Amino acid sequence: MDALEFVRVRELEIAVRIWNPDAKRTLIAWHGLARHGGDFAALARQLGSEWRVLAPDTPGRGLSSWSLFPAHDYLYSHYVTVAIALLDHYQLEQVDWLGTSMGGLLGMLIAADEQHAARIARLVLNDVGPELDKEGLIALSSYFGVTHRFNNFANLQAELIKHYASFGITSEAEWRELALNSARRLPDGSWTYHFDPRIGEQFIHDTPRDTWADWAKIRCPLMVIRGETSALLAAETLPKMAESQPSLVTMTVPGCGHAPMLNDAQQVKPIQRFLTTPLAAPSTATPAQPAGTFSQWLADVWRYLRGGR
C-alpha cells in the first residue's frame, strides 16, 4: 500500500487503501463480506504502475468506522451510497470495478442502476453472481455473525488458515500477512477479527431483490471469476449468466474455492487482458432472464437465519 486516506461519508469515516496513486488508470477493488481492502495488495503489485488501485474498507470492516446503526448502515443500499460518494470524492466519472463476493454484488447493483450505471466501465466479479448457493451463504453468514475470541495470535492465525483455506494461499508469509491484517486486540488482551460482528445483520435487514433482473440490465463488459470448488457460485450458474450476457468472459481458478485471492500471475494476467480490451459500443438489447428470482432465494435464507426452515 502506497497511501491510506480517510473519506468522510455522512457520519462514517471510510478508509481507502491506495496503490500507485499517480497512475493514469484507476481500478476500484472492493472486498468481500468480512474482509477489507488490504486483500488486494498482491493484485495491485502485479497489475503494475499503470494502475491506481483504490480499495475501500466497507463500513464495519478494517480501518473504516463501525456503525452505531447497523440496521441502517450495514445494507447494500448504504454501501451504494458510500461507493458513489467515493467515486465523487476521487472525481471518477467512469471507472473499472473489481469486486470479490459482496464487493462484486455491490458493483452489480451500481452497474444495473439507471442513475449510476454509467459510472462503471468494466465489471469483474470474483466468485459471485446473481444466484448463490443457499447452504454456502448460510455457513458464511453464521460464521461471521458472532464474535470470535482467541487466547493468542497463533490460535487466531491457525483458525484463519483453516477458514480461508479456499483462498488458494500457499505461502507461509502470505498467511502471516493475512493474519496480521485481520486481527485486533480486545480489552481483555485476547484477539479477534478486525470486523464488527454486527455486519451479519445485513442478512436480516436488507431488502430482497431480483438480482437476475439486475444482471440482465448491465450493459458494460463483464468478467466472472469462479473458484473451482466454490461453495457459493455453482459451475452451472456460469452458463445461465452467459445466456443473459452473451459477451461474458469467464475464468475458473483451479485449486481455489470461495474466493480466489487474485494473488498470482495466472489469475491476474487474464484480468489485466480484460481491463485493457477496448470498450465496445454498449448494447441496447434486453436479454432473456433465467427463471427463478434471487429475492425468493434470499427470503429463504433469511427465514433460515431467523430460525425457520
# chains A, B, ... in the order shown; residues from 1 in each chain; ligands from 1
call {"tool": "select_by_dssp", "arguments": {"residues": "range 90-263 of chain A", "states": "strand (DSSP E or B)", "output": "short mmCIF file (atom, residue, chain, number, x, y, z; two decimals) with C-alpha atoms, in the first residue's frame"}}
result
data_model
loop_
_atom_site.label_atom_id
_atom_site.label_comp_id
_atom_site.auth_asym_id
_atom_site.auth_seq_id
_atom_site.Cartn_x
_atom_site.Cartn_y
_atom_site.Cartn_z
CA VAL A 95 -14.09 3.57 -13.57
CA ASP A 96 -13.30 -0.13 -13.85
CA TRP A 97 -14.57 -2.17 -10.90
CA LEU A 98 -13.41 -5.49 -9.47
CA GLY A 99 -15.39 -6.95 -6.60
CA THR A 100 -14.91 -10.09 -4.53
CA ILE A 120 -18.74 1.58 -14.22
CA ALA A 121 -16.81 0.99 -17.44
CA ARG A 122 -15.97 -2.70 -16.87
CA LEU A 123 -17.04 -5.05 -14.13
CA VAL A 124 -15.10 -8.05 -12.79
CA LEU A 125 -16.93 -10.36 -10.35
CA ASN A 126 -14.77 -12.60 -8.19
CA PHE A 150 -8.62 -16.28 20.60
CA ALA A 183 -6.59 -9.21 13.79
CA ARG A 184 -7.30 -6.78 16.61
CA ARG A 185 -6.87 -6.89 20.38
CA TRP A 191 -7.58 -11.49 19.95
CA THR A 192 -10.45 -11.31 17.48
CA TYR A 193 -11.04 -10.46 13.82
CA LEU A 222 -18.39 -8.33 -17.76
CA MET A 223 -15.95 -10.90 -16.45
CA VAL A 224 -16.70 -13.58 -13.85
CA ILE A 225 -14.03 -15.48 -11.93
CA ARG A 226 -15.04 -18.69 -10.17
CA GLY A 227 -13.08 -20.80 -7.73
CA VAL A 249 -15.80 -13.52 -20.07
CA THR A 250 -15.35 -16.36 -17.57
CA MET A 251 -12.37 -17.86 -15.77
CA THR A 252 -12.25 -20.81 -13.39
CA VAL A 253 -9.35 -20.87 -10.94
#
call {"tool": "residues_around", "arguments": {"residues": "Leu106 in chain A", "least_positions_apart": "6", "cutoff": "8 Å", "atoms": "only C-alpha atoms", "output": "list of chain:residue names"}}
result
A:Tyr76, A:Tyr79, A:Val80, A:Gly99
call {"tool": "select_by_dssp", "arguments": {"residues": "range 60-270 of chain A", "states": "helix (DSSP H, G or I)", "output": "PyMOL selection string"}}
result
chain A and resi 70-73+76-89+102-112+117-119+134-144+153-163+165-167+172-180+197-205+211-217+237-244+265-270
call {"tool": "residues_around", "arguments": {"residues": "His72 in chain A", "least_positions_apart": "2", "cutoff": "12 Å", "atoms": "only C-alpha atoms", "output": "number ranges by chain"}}
result
A: 59, 66-70, 74-79, 81, 198-199, 201-202, 204-207
call {"tool": "write_last_selection", "arguments": {"atoms": "C-alpha atoms", "output": "compact mmCIF listing (two decimals), in the first residue's frame"}}
result
# COMPACT_ATOMS: atom_id res chain seq x y z
CA PRO A 59 -18.14 0.34 6.98
CA TRP A 66 -18.20 0.86 12.82
CA SER A 67 -21.80 1.95 12.63
CA LEU A 68 -23.95 2.86 15.63
CA PHE A 69 -26.95 1.97 13.47
CA PRO A 70 -26.25 -1.41 11.80
CA TYR A 74 -24.88 -2.42 7.02
CA LEU A 75 -27.08 -2.66 3.93
CA TYR A 76 -26.35 -2.79 0.21
CA SER A 77 -28.33 0.42 -0.30
CA HIS A 78 -25.99 2.24 2.07
CA TYR A 79 -22.91 0.63 0.55
CA THR A 81 -24.28 5.48 -1.23
CA ARG A 198 -22.98 -6.95 13.59
CA ILE A 199 -22.21 -6.87 9.85
CA GLU A 201 -27.32 -8.28 10.47
CA GLN A 202 -27.28 -7.32 6.81
CA ILE A 204 -31.84 -9.74 8.36
CA HIS A 205 -32.42 -6.09 7.46
CA ASP A 206 -31.56 -5.87 3.77
CA THR A 207 -34.38 -5.77 1.21
call {"tool": "residues_around", "arguments": {"residues": "Thr237 in chain A", "least_positions_apart": "2", "cutoff": "10 Å", "atoms": "only C-alpha atoms", "output": "list in words"}}
result
Val128, Gly129, Pro130, Glu131, Leu132, Asp133, Leu233, Ala234, Ala235, Pro239, Lys240, Met241 and Ala242 of chain A
call {"tool": "closest_residue", "arguments": {"among": "A:Ile18, A:Leu47, A:Cys220, A:Leu54", "to": "Gln267 in chain A", "atoms": "only C-alpha atoms"}}
result
A:Leu47
call {"tool": "residues_around", "arguments": {"residues": "Ser64 in chain A", "least_positions_apart": "2", "cutoff": "12 Å", "atoms": "only C-alpha atoms", "output": "ChimeraX atom specification"}}
result
/A:4-9,11-17,35-37,55-62,66-67,82,194-196
call {"tool": "write_last_selection", "arguments": {"atoms": "C-alpha atoms", "output": "PDB file, in the first residue's frame"}}
result
ATOM      1  CA  LEU A   4      -4.075   5.464   3.103  1.00  0.00           C
ATOM      2  CA  GLU A   5      -6.819   8.067   3.031  1.00  0.00           C
ATOM      3  CA  PHE A   6      -9.923   8.536   5.163  1.00  0.00           C
ATOM      4  CA  VAL A   7     -13.004   9.928   3.451  1.00  0.00           C
ATOM      5  CA  ARG A   8     -15.975  11.178   5.436  1.00  0.00           C
ATOM      6  CA  VAL A   9     -19.327   9.853   4.173  1.00  0.00           C
ATOM      7  CA  GLU A  11     -21.243  10.180   9.922  1.00  0.00           C
ATOM      8  CA  LEU A  12     -18.796   7.416   8.917  1.00  0.00           C
ATOM      9  CA  GLU A  13     -15.090   7.553   8.118  1.00  0.00           C
ATOM     10  CA  ILE A  14     -14.196   5.317   5.160  1.00  0.00           C
ATOM     11  CA  ALA A  15     -10.627   4.055   4.873  1.00  0.00           C
ATOM     12  CA  VAL A  16      -9.323   3.817   1.297  1.00  0.00           C
ATOM     13  CA  ARG A  17      -6.105   1.908   0.632  1.00  0.00           C
ATOM     14  CA  ARG A  35     -12.621  -8.816   4.610  1.00  0.00           C
ATOM     15  CA  HIS A  36     -11.017  -5.438   3.836  1.00  0.00           C
ATOM     16  CA  GLY A  37      -9.213  -3.580   1.069  1.00  0.00           C
ATOM     17  CA  ALA A  55      -9.521  -0.441  -2.248  1.00  0.00           C
ATOM     18  CA  PRO A  56     -12.016   0.874   0.322  1.00  0.00           C
ATOM     19  CA  ASP A  57     -12.818  -0.790   3.617  1.00  0.00           C
ATOM     20  CA  THR A  58     -16.602  -1.174   3.812  1.00  0.00           C
ATOM     21  CA  PRO A  59     -18.143   0.342   6.985  1.00  0.00           C
ATOM     22  CA  GLY A  60     -17.672  -2.078   9.871  1.00  0.00           C
ATOM     23  CA  ARG A  61     -14.518  -3.617   8.400  1.00  0.00           C
ATOM     24  CA  GLY A  62     -10.808  -2.970   8.506  1.00  0.00           C
ATOM     25  CA  TRP A  66     -18.197   0.864  12.817  1.00  0.00           C
ATOM     26  CA  SER A  67     -21.802   1.948  12.627  1.00  0.00           C
ATOM     27  CA  VAL A  82     -20.759   5.080   0.155  1.00  0.00           C
ATOM     28  CA  HIS A 194     -10.978  -6.899  12.519  1.00  0.00           C
ATOM     29  CA  PHE A 195     -14.687  -6.560  11.669  1.00  0.00           C
ATOM     30  CA  ASP A 196     -17.817  -5.589  13.585  1.00  0.00           C
TER      31      ASP A 196
END
call {"tool": "closest_residue", "arguments": {"among": "A:Pro21, A:Arg10, A:Glu93, A:Leu248", "to": "Ile218 in chain A", "atoms": "only C-alpha atoms"}}
result
A:Leu248
call {"tool": "residues_around", "arguments": {"residues": "Lys24 in chain A", "least_positions_apart": "6", "cutoff": "9 Å", "atoms": "only C-alpha atoms", "output": "list in words"}}
result
Glu50, Trp51 and Arg52 of chain A
call {"tool": "write_last_selection", "arguments": {"atoms": "C-alpha atoms", "output": "compact mmCIF listing (two decimals), in the first residue's frame"}}
result
# COMPACT_ATOMS: atom_id res chain seq x y z
CA GLU A 50 -0.02 1.67 -14.86
CA TRP A 51 -2.93 1.15 -12.47
CA ARG A 52 -4.01 3.16 -9.46
call {"tool": "closest_residue", "arguments": {"among": "A:Asp264, A:Asp214, A:Asp22, A:Asp39", "to": "Ala117 in chain A", "atoms": "only C-alpha atoms"}}
result
A:Asp214
call {"tool": "closest_residue", "arguments": {"among": "A:Gly107, A:Gly168, A:Pro221, A:Pro278", "to": "Leu262 in chain A", "atoms": "only C-alpha atoms"}}
result
A:Gly168
call {"tool": "closest_residue", "arguments": {"among": "A:Gly200, A:Pro208, A:Pro260, A:Gly255", "to": "Ala71 in chain A", "atoms": "only C-alpha atoms"}}
result
A:Gly200
call {"tool": "closest_atom_pairs", "arguments": {"of": "range 152-173 of chain A", "to": "range 134-148 of chain A", "cutoff": "12 Å", "atoms": "only C-alpha atoms", "output": "CSV"}}
result
residue,atom,partner,partner_atom,distance
A:Asn152,CA,A:His148,CA,11.9
A:Asn155,CA,A:His148,CA,11.0
A:Leu156,CA,A:His148,CA,8.9
A:Glu159,CA,A:His148,CA,9.9
A:Leu160,CA,A:His148,CA,10.8
A:His163,CA,A:Tyr143,CA,9.5
A:Tyr164,CA,A:Leu140,CA,11.1
call {"tool": "closest_residue", "arguments": {"among": "A:Gly48, A:Gly104, A:Gly38, A:Pro254", "to": "Asn20 in chain A", "atoms": "only C-alpha atoms"}}
result
A:Gly48
